[in-house]
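> Sharing run_39.cif below, mmCIF, C-alpha atoms, pLDDT in the B column; chains and numbers go by the auth columns:
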```cif
data_protein
#
loop_
_atom_site.group_PDB
_atom_site.id
_atom_site.type_symbol
_atom_site.label_atom_id
_atom_site.label_comp_id
_atom_site.label_asym_id
_atom_site.label_seq_id
_atom_site.Cartn_x
_atom_site.Cartn_y
_atom_site.Cartn_z
_atom_site.B_iso_or_equiv
_atom_site.auth_seq_id
_atom_site.auth_asym_id
ATOM 1 C CA MET A 1 83.307 118.517 90.495 78.00 1 A
ATOM 2 C CA ARG A 2 80.371 116.949 88.686 88.00 2 A
ATOM 3 C CA ILE A 3 81.524 114.052 86.556 94.00 3 A
ATOM 4 C CA ALA A 4 79.955 110.836 85.327 94.00 4 A
ATOM 5 C CA ASN A 5 80.689 107.866 87.561 97.00 5 A
ATOM 6 C CA ARG A 6 81.485 105.664 84.568 97.00 6 A
ATOM 7 C CA HIS A 7 84.889 104.961 83.071 98.00 7 A
ATOM 8 C CA ALA A 8 84.731 105.521 79.294 97.00 8 A
ATOM 9 C CA VAL A 9 86.964 102.502 78.560 97.00 9 A
ATOM 10 C CA HIS A 10 85.609 99.696 80.777 96.00 10 A
ATOM 11 C CA GLY A 11 82.417 101.118 82.280 97.00 11 A
ATOM 12 C CA ARG A 12 83.281 100.665 85.971 97.00 12 A
ATOM 13 C CA GLY A 13 82.783 103.509 88.419 98.00 13 A
ATOM 14 C CA ILE A 14 85.518 106.070 89.011 98.00 14 A
ATOM 15 C CA ARG A 15 84.176 107.364 92.336 97.00 15 A
ATOM 16 C CA PRO A 16 84.116 105.592 95.705 97.00 16 A
ATOM 17 C CA PRO A 17 82.978 103.460 97.245 97.00 17 A
ATOM 18 C CA PHE A 18 85.167 100.809 95.661 98.00 18 A
ATOM 19 C CA PRO A 19 85.243 97.118 96.640 97.00 19 A
ATOM 20 C CA ASP A 20 86.981 96.641 100.006 97.00 20 A
ATOM 21 C CA ASN A 21 89.833 94.520 98.642 98.00 21 A
ATOM 22 C CA LEU A 22 91.134 97.290 96.365 98.00 22 A
ATOM 23 C CA ARG A 23 94.028 99.690 97.011 98.00 23 A
ATOM 24 C CA GLU A 24 94.802 103.188 95.772 98.00 24 A
ATOM 25 C CA LEU A 25 97.872 104.803 94.237 98.00 25 A
ATOM 26 C CA ILE A 26 98.002 108.429 93.058 98.00 26 A
ATOM 27 C CA VAL A 27 100.701 109.266 90.514 98.00 27 A
ATOM 28 C CA GLY A 28 101.796 112.462 88.820 98.00 28 A
ATOM 29 C CA MET A 29 103.811 111.952 85.646 97.00 29 A
ATOM 30 C CA GLY A 30 103.307 115.207 83.779 94.00 30 A
ATOM 31 C CA CYS A 31 100.196 115.577 81.635 92.00 31 A
ATOM 32 C CA PHE A 32 97.537 113.319 83.133 96.00 32 A
ATOM 33 C CA TRP A 33 95.987 112.249 79.819 95.00 33 A
ATOM 34 C CA GLY A 34 98.816 109.936 78.788 94.00 34 A
ATOM 35 C CA ALA A 35 99.576 108.891 82.347 96.00 35 A
ATOM 36 C CA GLU A 36 96.015 107.633 82.825 97.00 36 A
ATOM 37 C CA GLN A 37 96.196 105.658 79.578 96.00 37 A
ATOM 38 C CA ARG A 38 99.299 103.807 80.851 95.00 38 A
ATOM 39 C CA PHE A 39 97.240 102.289 83.683 98.00 39 A
ATOM 40 C CA TRP A 40 93.595 101.829 82.594 96.00 40 A
ATOM 41 C CA THR A 41 94.049 98.598 80.624 90.00 41 A
ATOM 42 C CA LEU A 42 96.422 96.815 83.004 96.00 42 A
ATOM 43 C CA GLU A 43 95.301 93.476 84.393 96.00 43 A
ATOM 44 C CA GLY A 44 94.404 94.088 88.027 98.00 44 A
ATOM 45 C CA VAL A 45 93.625 97.796 87.652 98.00 45 A
ATOM 46 C CA TYR A 46 89.979 98.221 88.567 98.00 46 A
ATOM 47 C CA THR A 47 89.617 101.846 87.469 98.00 47 A
ATOM 48 C CA THR A 48 91.423 105.135 86.903 98.00 48 A
ATOM 49 C CA ALA A 49 90.528 108.802 87.050 98.00 49 A
ATOM 50 C CA VAL A 50 92.425 112.021 86.464 98.00 50 A
ATOM 51 C CA GLY A 51 92.507 114.879 88.892 98.00 51 A
ATOM 52 C CA TYR A 52 94.579 117.183 91.028 98.00 52 A
ATOM 53 C CA ALA A 53 96.529 116.596 94.247 98.00 53 A
ATOM 54 C CA GLY A 54 99.392 117.917 96.316 98.00 54 A
ATOM 55 C CA GLY A 55 98.260 121.524 96.560 97.00 55 A
ATOM 56 C CA PHE A 56 96.253 123.709 98.871 96.00 56 A
ATOM 57 C CA THR A 57 93.181 124.754 96.861 96.00 57 A
ATOM 58 C CA PRO A 58 90.125 122.528 97.410 96.00 58 A
ATOM 59 C CA ASN A 59 88.294 121.390 94.247 96.00 59 A
ATOM 60 C CA PRO A 60 90.395 123.368 91.764 97.00 60 A
ATOM 61 C CA THR A 61 89.576 123.742 88.087 97.00 61 A
ATOM 62 C CA TYR A 62 91.957 122.896 85.258 97.00 62 A
ATOM 63 C CA GLU A 63 92.509 126.584 84.559 97.00 63 A
ATOM 64 C CA GLU A 64 93.344 127.244 88.223 97.00 64 A
ATOM 65 C CA VAL A 65 95.819 124.358 88.326 97.00 65 A
ATOM 66 C CA CYS A 66 97.457 125.536 85.076 95.00 66 A
ATOM 67 C CA SER A 67 97.934 128.994 86.597 95.00 67 A
ATOM 68 C CA GLY A 68 100.433 127.486 89.044 94.00 68 A
ATOM 69 C CA MET A 69 98.649 129.204 91.929 96.00 69 A
ATOM 70 C CA THR A 70 97.014 126.114 93.518 97.00 70 A
ATOM 71 C CA GLY A 71 100.106 124.035 94.264 97.00 71 A
ATOM 72 C CA HIS A 72 98.437 120.991 92.691 98.00 72 A
ATOM 73 C CA ALA A 73 99.920 118.515 90.235 98.00 73 A
ATOM 74 C CA GLU A 74 97.991 116.789 87.461 98.00 74 A
ATOM 75 C CA VAL A 75 97.599 113.233 88.759 98.00 75 A
ATOM 76 C CA VAL A 76 96.000 109.861 88.088 98.00 76 A
ATOM 77 C CA ARG A 77 94.130 107.911 90.747 98.00 77 A
ATOM 78 C CA VAL A 78 94.767 104.206 90.169 98.00 78 A
ATOM 79 C CA ILE A 79 92.454 101.791 91.984 98.00 79 A
ATOM 80 C CA TYR A 80 93.861 98.277 91.814 98.00 80 A
ATOM 81 C CA ASP A 81 93.514 94.751 93.144 98.00 81 A
ATOM 82 C CA PRO A 82 96.779 93.801 94.925 98.00 82 A
ATOM 83 C CA GLU A 83 95.965 90.112 94.382 98.00 83 A
ATOM 84 C CA LYS A 84 96.203 90.684 90.600 98.00 84 A
ATOM 85 C CA VAL A 85 98.843 93.418 90.255 98.00 85 A
ATOM 86 C CA SER A 86 101.429 94.416 92.811 98.00 86 A
ATOM 87 C CA LEU A 87 102.311 97.910 93.925 98.00 87 A
ATOM 88 C CA GLU A 88 105.838 97.175 92.703 98.00 88 A
ATOM 89 C CA ALA A 89 104.528 96.409 89.180 98.00 89 A
ATOM 90 C CA LEU A 90 102.588 99.694 89.134 98.00 90 A
ATOM 91 C CA LEU A 91 105.654 101.587 90.351 98.00 91 A
ATOM 92 C CA LYS A 92 107.731 100.049 87.540 97.00 92 A
ATOM 93 C CA ILE A 93 105.265 101.493 85.014 97.00 93 A
ATOM 94 C CA PHE A 94 105.359 104.821 86.843 98.00 94 A
ATOM 95 C CA TRP A 95 109.161 105.101 86.766 98.00 95 A
ATOM 96 C CA GLU A 96 109.603 103.878 83.195 97.00 96 A
ATOM 97 C CA SER A 97 106.789 105.949 81.649 96.00 97 A
ATOM 98 C CA HIS A 98 108.103 109.420 82.487 96.00 98 A
ATOM 99 C CA ASP A 99 111.341 111.198 83.364 96.00 99 A
ATOM 100 C CA PRO A 100 111.359 111.691 87.148 97.00 100 A
ATOM 101 C CA THR A 101 114.563 113.781 86.963 96.00 101 A
ATOM 102 C CA GLN A 102 113.071 116.813 85.194 93.00 102 A
ATOM 103 C CA GLY A 103 111.710 118.726 88.190 91.00 103 A
ATOM 104 C CA MET A 104 108.744 120.932 87.352 93.00 104 A
ATOM 105 C CA ARG A 105 108.249 119.625 83.822 92.00 105 A
ATOM 106 C CA GLN A 106 107.850 116.692 81.494 92.00 106 A
ATOM 107 C CA GLY A 107 109.264 117.395 78.054 86.00 107 A
ATOM 108 C CA ASN A 108 107.542 120.460 76.576 86.00 108 A
ATOM 109 C CA ASP A 109 105.019 120.624 79.447 91.00 109 A
ATOM 110 C CA VAL A 110 106.475 123.081 81.952 93.00 110 A
ATOM 111 C CA GLY A 111 105.069 124.145 85.322 94.00 111 A
ATOM 112 C CA THR A 112 104.546 122.915 88.865 95.00 112 A
ATOM 113 C CA GLN A 113 101.461 120.967 87.767 96.00 113 A
ATOM 114 C CA TYR A 114 103.678 118.676 85.655 96.00 114 A
ATOM 115 C CA ARG A 115 105.979 117.568 88.475 97.00 115 A
ATOM 116 C CA SER A 116 106.594 113.912 89.269 97.00 116 A
ATOM 117 C CA THR A 117 104.587 112.812 92.329 98.00 117 A
ATOM 118 C CA LEU A 118 103.765 109.655 94.257 98.00 118 A
ATOM 119 C CA TYR A 119 100.960 109.923 96.797 98.00 119 A
ATOM 120 C CA LEU A 120 100.585 106.764 98.839 98.00 120 A
ATOM 121 C CA PRO A 121 97.694 105.613 101.035 97.00 121 A
ATOM 122 C CA ASP A 122 99.781 104.603 104.062 97.00 122 A
ATOM 123 C CA GLU A 123 103.269 104.242 105.535 97.00 123 A
ATOM 124 C CA SER A 124 103.661 100.659 104.290 97.00 124 A
ATOM 125 C CA ALA A 125 103.079 101.673 100.653 98.00 125 A
ATOM 126 C CA TYR A 126 105.339 104.697 101.214 98.00 126 A
ATOM 127 C CA GLN A 127 108.217 102.404 102.243 98.00 127 A
ATOM 128 C CA VAL A 128 107.693 100.182 99.173 98.00 128 A
ATOM 129 C CA ALA A 129 107.744 103.272 96.937 97.00 129 A
ATOM 130 C CA LYS A 130 110.886 104.688 98.593 97.00 130 A
ATOM 131 C CA ALA A 131 112.684 101.373 98.078 97.00 131 A
ATOM 132 C CA SER A 132 111.676 101.375 94.398 97.00 132 A
ATOM 133 C CA LEU A 133 112.987 104.949 94.069 97.00 133 A
ATOM 134 C CA GLU A 134 116.351 103.891 95.472 97.00 134 A
ATOM 135 C CA ARG A 135 116.574 100.991 92.999 97.00 135 A
ATOM 136 C CA TYR A 136 115.593 103.202 90.065 98.00 136 A
ATOM 137 C CA GLN A 137 118.013 105.952 91.091 97.00 137 A
ATOM 138 C CA LYS A 138 120.857 103.410 90.931 97.00 138 A
ATOM 139 C CA ALA A 139 119.750 102.445 87.417 97.00 139 A
ATOM 140 C CA LEU A 140 119.608 106.113 86.383 97.00 140 A
ATOM 141 C CA ASP A 141 123.026 106.766 87.940 97.00 141 A
ATOM 142 C CA GLY A 142 124.416 103.902 85.864 96.00 142 A
ATOM 143 C CA GLU A 143 123.243 105.717 82.722 96.00 143 A
ATOM 144 C CA GLY A 144 124.625 109.106 83.818 96.00 144 A
ATOM 145 C CA LEU A 145 121.219 110.664 84.479 96.00 145 A
ATOM 146 C CA GLY A 146 120.427 113.091 87.288 95.00 146 A
ATOM 147 C CA PRO A 147 118.702 112.718 90.637 98.00 147 A
ATOM 148 C CA ILE A 148 115.039 111.804 90.931 98.00 148 A
ATOM 149 C CA SER A 149 112.928 114.794 91.994 97.00 149 A
ATOM 150 C CA THR A 150 109.666 112.902 92.618 98.00 150 A
ATOM 151 C CA GLU A 151 107.555 114.310 95.453 97.00 151 A
ATOM 152 C CA PHE A 152 106.412 111.669 97.983 96.00 152 A
ATOM 153 C CA ALA A 153 103.587 112.008 100.516 97.00 153 A
ATOM 154 C CA VAL A 154 101.040 109.889 102.384 97.00 154 A
ATOM 155 C CA ASP A 155 97.261 110.362 102.491 95.00 155 A
ATOM 156 C CA VAL A 156 96.971 113.316 100.095 97.00 156 A
ATOM 157 C CA PRO A 157 93.460 114.471 99.092 98.00 157 A
ATOM 158 C CA PHE A 158 92.489 113.792 95.478 98.00 158 A
ATOM 159 C CA TYR A 159 90.215 116.178 93.546 98.00 159 A
ATOM 160 C CA TYR A 160 88.603 114.988 90.320 98.00 160 A
ATOM 161 C CA ALA A 161 89.349 116.842 87.098 98.00 161 A
ATOM 162 C CA GLU A 162 86.552 117.927 84.813 98.00 162 A
ATOM 163 C CA GLU A 163 84.631 115.359 82.764 97.00 163 A
ATOM 164 C CA ALA A 164 86.350 116.461 79.538 96.00 164 A
ATOM 165 C CA HIS A 165 89.712 115.268 80.925 97.00 165 A
ATOM 166 C CA GLN A 166 88.559 111.818 82.111 98.00 166 A
ATOM 167 C CA GLN A 167 89.897 109.109 79.761 98.00 167 A
ATOM 168 C CA TYR A 168 90.763 111.894 77.322 97.00 168 A
ATOM 169 C CA LEU A 169 92.960 109.837 74.987 97.00 169 A
ATOM 170 C CA HIS A 170 90.239 107.201 74.653 97.00 170 A
ATOM 171 C CA LYS A 171 87.734 109.887 73.650 96.00 171 A
ATOM 172 C CA HIS A 172 90.327 111.653 71.426 96.00 172 A
ATOM 173 C CA PRO A 173 92.619 108.902 70.059 91.00 173 A
ATOM 174 C CA GLY A 174 94.905 111.361 68.258 89.00 174 A
ATOM 175 C CA GLY A 175 95.160 113.688 71.254 90.00 175 A
ATOM 176 C CA TYR A 176 98.386 115.184 72.561 87.00 176 A
ATOM 177 C CA CYS A 177 100.565 113.121 74.862 86.00 177 A
ATOM 178 C CA GLY A 178 104.071 114.363 75.578 83.00 178 A
ATOM 179 C CA LEU A 179 104.819 111.564 78.050 88.00 179 A
ATOM 180 C CA ALA A 180 108.204 109.923 77.524 90.00 180 A
ATOM 181 C CA GLY A 181 110.458 107.916 79.776 93.00 181 A
ATOM 182 C CA THR A 182 114.218 107.927 80.125 95.00 182 A
ATOM 183 C CA GLY A 183 114.680 104.597 78.374 94.00 183 A
ATOM 184 C CA VAL A 184 116.135 103.159 81.582 96.00 184 A
ATOM 185 C CA SER A 185 114.494 99.997 82.920 95.00 185 A
ATOM 186 C CA CYS A 186 113.348 99.776 86.519 90.00 186 A
ATOM 187 C CA VAL A 187 114.504 96.473 88.005 77.00 187 A
#
```
I need this file expressed as structure tokens, please.

Amino acid sequence: MRIANRHAVHGRGIRPPFPDNLRELIVGMGCFWGAEQRFWTLEGVYTTAVGYAGGFTPNPTYEEVCSGMTGHAEVVRVIYDPEKVSLEALLKIFWESHDPTQGMRQGNDVGTQYRSTLYLPDESAYQVAKASLERYQKALDGEGLGPISTEFAVDVPFYYAEEAHQQYLHKHPGGYCGLAGTGVSCV
């Protein structure tokens, strides 16, 4: 996918190589426009990009992903400095910014591409994420909400979305964002 290697909000690159001290987290929270906006201004986040992951079609287009035939979810690649923001802090934003109990949807956005996903770079990050899931599930249980359906995997390929989708809500400040959390805090 041909896209500019410049983040529209802060100007840093959105393609590798990134500085060696940075880490990666790939999250799916429904529509990627609002999900990306949750992360791009955080202290310690170096850059973000939207794309597709978790499926079987290499380099899919938005239309292909929306067809439900690629297996991909709409995701955000978050590149961050672990000395400035912890994985746990990013996971707190992830859990609180969407409803991970809805299965193949987020609000009015329905389909496999809107599922909740966490794609981690390695087994260590996977274990941190699983522990955060267990803590958040207890909080959700306390409020009478259902089980978390978030898909977890390690070392999943990321495919960039088209240029028009990168930092969409910055380019279109009144654009659609159906992202909503459960109202339950992640401790």
> Where does the PyMOL selection byres ((chain A and resi 88-97) around 7) land in this file, that is, which residues does it pick, as a list in words?
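Answer for the PyMOL selection byres ((chain A and resi 88-97) around 7): Val85, Ser86, Leu87, His98, Pro100, Leu179, Ala180, Gly181, Thr182, Val184, Ser185 and Cys186 of chain A.
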> Restricting the calculation to only C-alpha atoms: of A:Arg38, A:His72, A:Arg2, A:Arg12, which residue gets closest to Tyr52 (chain A)?
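Once distances to Tyr52 (chain A) are computed over only C-alpha atoms, the minimum belongs to A:His72.
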> Excluding Glu123 (chain A) and its own-chain neighbours fewer than 5 positions away, which residues fall within 12 Å of it when counting only C-alpha atoms? Please give them as number ranges by chain.
A: 128-130, 152-155
> Kindly resolve the PyMOL selection byres ((chain A and resi 48) around 7) on the present coordinates and return the residues as a list in words.
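Given this file, the PyMOL selection byres ((chain A and resi 48) around 7) evaluates to Ile14, Glu36, Trp40, Thr47, Ala49, Val50, Val76, Arg77, Val78 and Ile79 of chain A.
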> Evaluated on this file, the PyMOL selection byres ((chain A and resi 74) around 8) picks out some residues - which ones are they, written as a PDB file with C-alpha atoms, in the coordinates of the input?

```pdb
ATOM      1  CA  GLY A  28     101.796 112.462  88.820  1.00 98.00           C
ATOM      2  CA  MET A  29     103.811 111.952  85.646  1.00 97.00           C
ATOM      3  CA  GLY A  30     103.307 115.207  83.779  1.00 94.00           C
ATOM      4  CA  CYS A  31     100.196 115.577  81.635  1.00 92.00           C
ATOM      5  CA  PHE A  32      97.537 113.319  83.133  1.00 96.00           C
ATOM      6  CA  VAL A  50      92.425 112.021  86.464  1.00 98.00           C
ATOM      7  CA  GLY A  51      92.507 114.879  88.892  1.00 98.00           C
ATOM      8  CA  TYR A  52      94.579 117.183  91.028  1.00 98.00           C
ATOM      9  CA  ALA A  53      96.529 116.596  94.247  1.00 98.00           C
ATOM     10  CA  VAL A  65      95.819 124.358  88.326  1.00 97.00           C
ATOM     11  CA  HIS A  72      98.437 120.991  92.691  1.00 98.00           C
ATOM     12  CA  ALA A  73      99.920 118.515  90.235  1.00 98.00           C
ATOM     13  CA  VAL A  75      97.599 113.233  88.759  1.00 98.00           C
ATOM     14  CA  VAL A  76      96.000 109.861  88.088  1.00 98.00           C
ATOM     15  CA  GLN A 113     101.461 120.967  87.767  1.00 96.00           C
ATOM     16  CA  TYR A 114     103.678 118.676  85.655  1.00 96.00           C
TER      17      TYR A 114
END
```
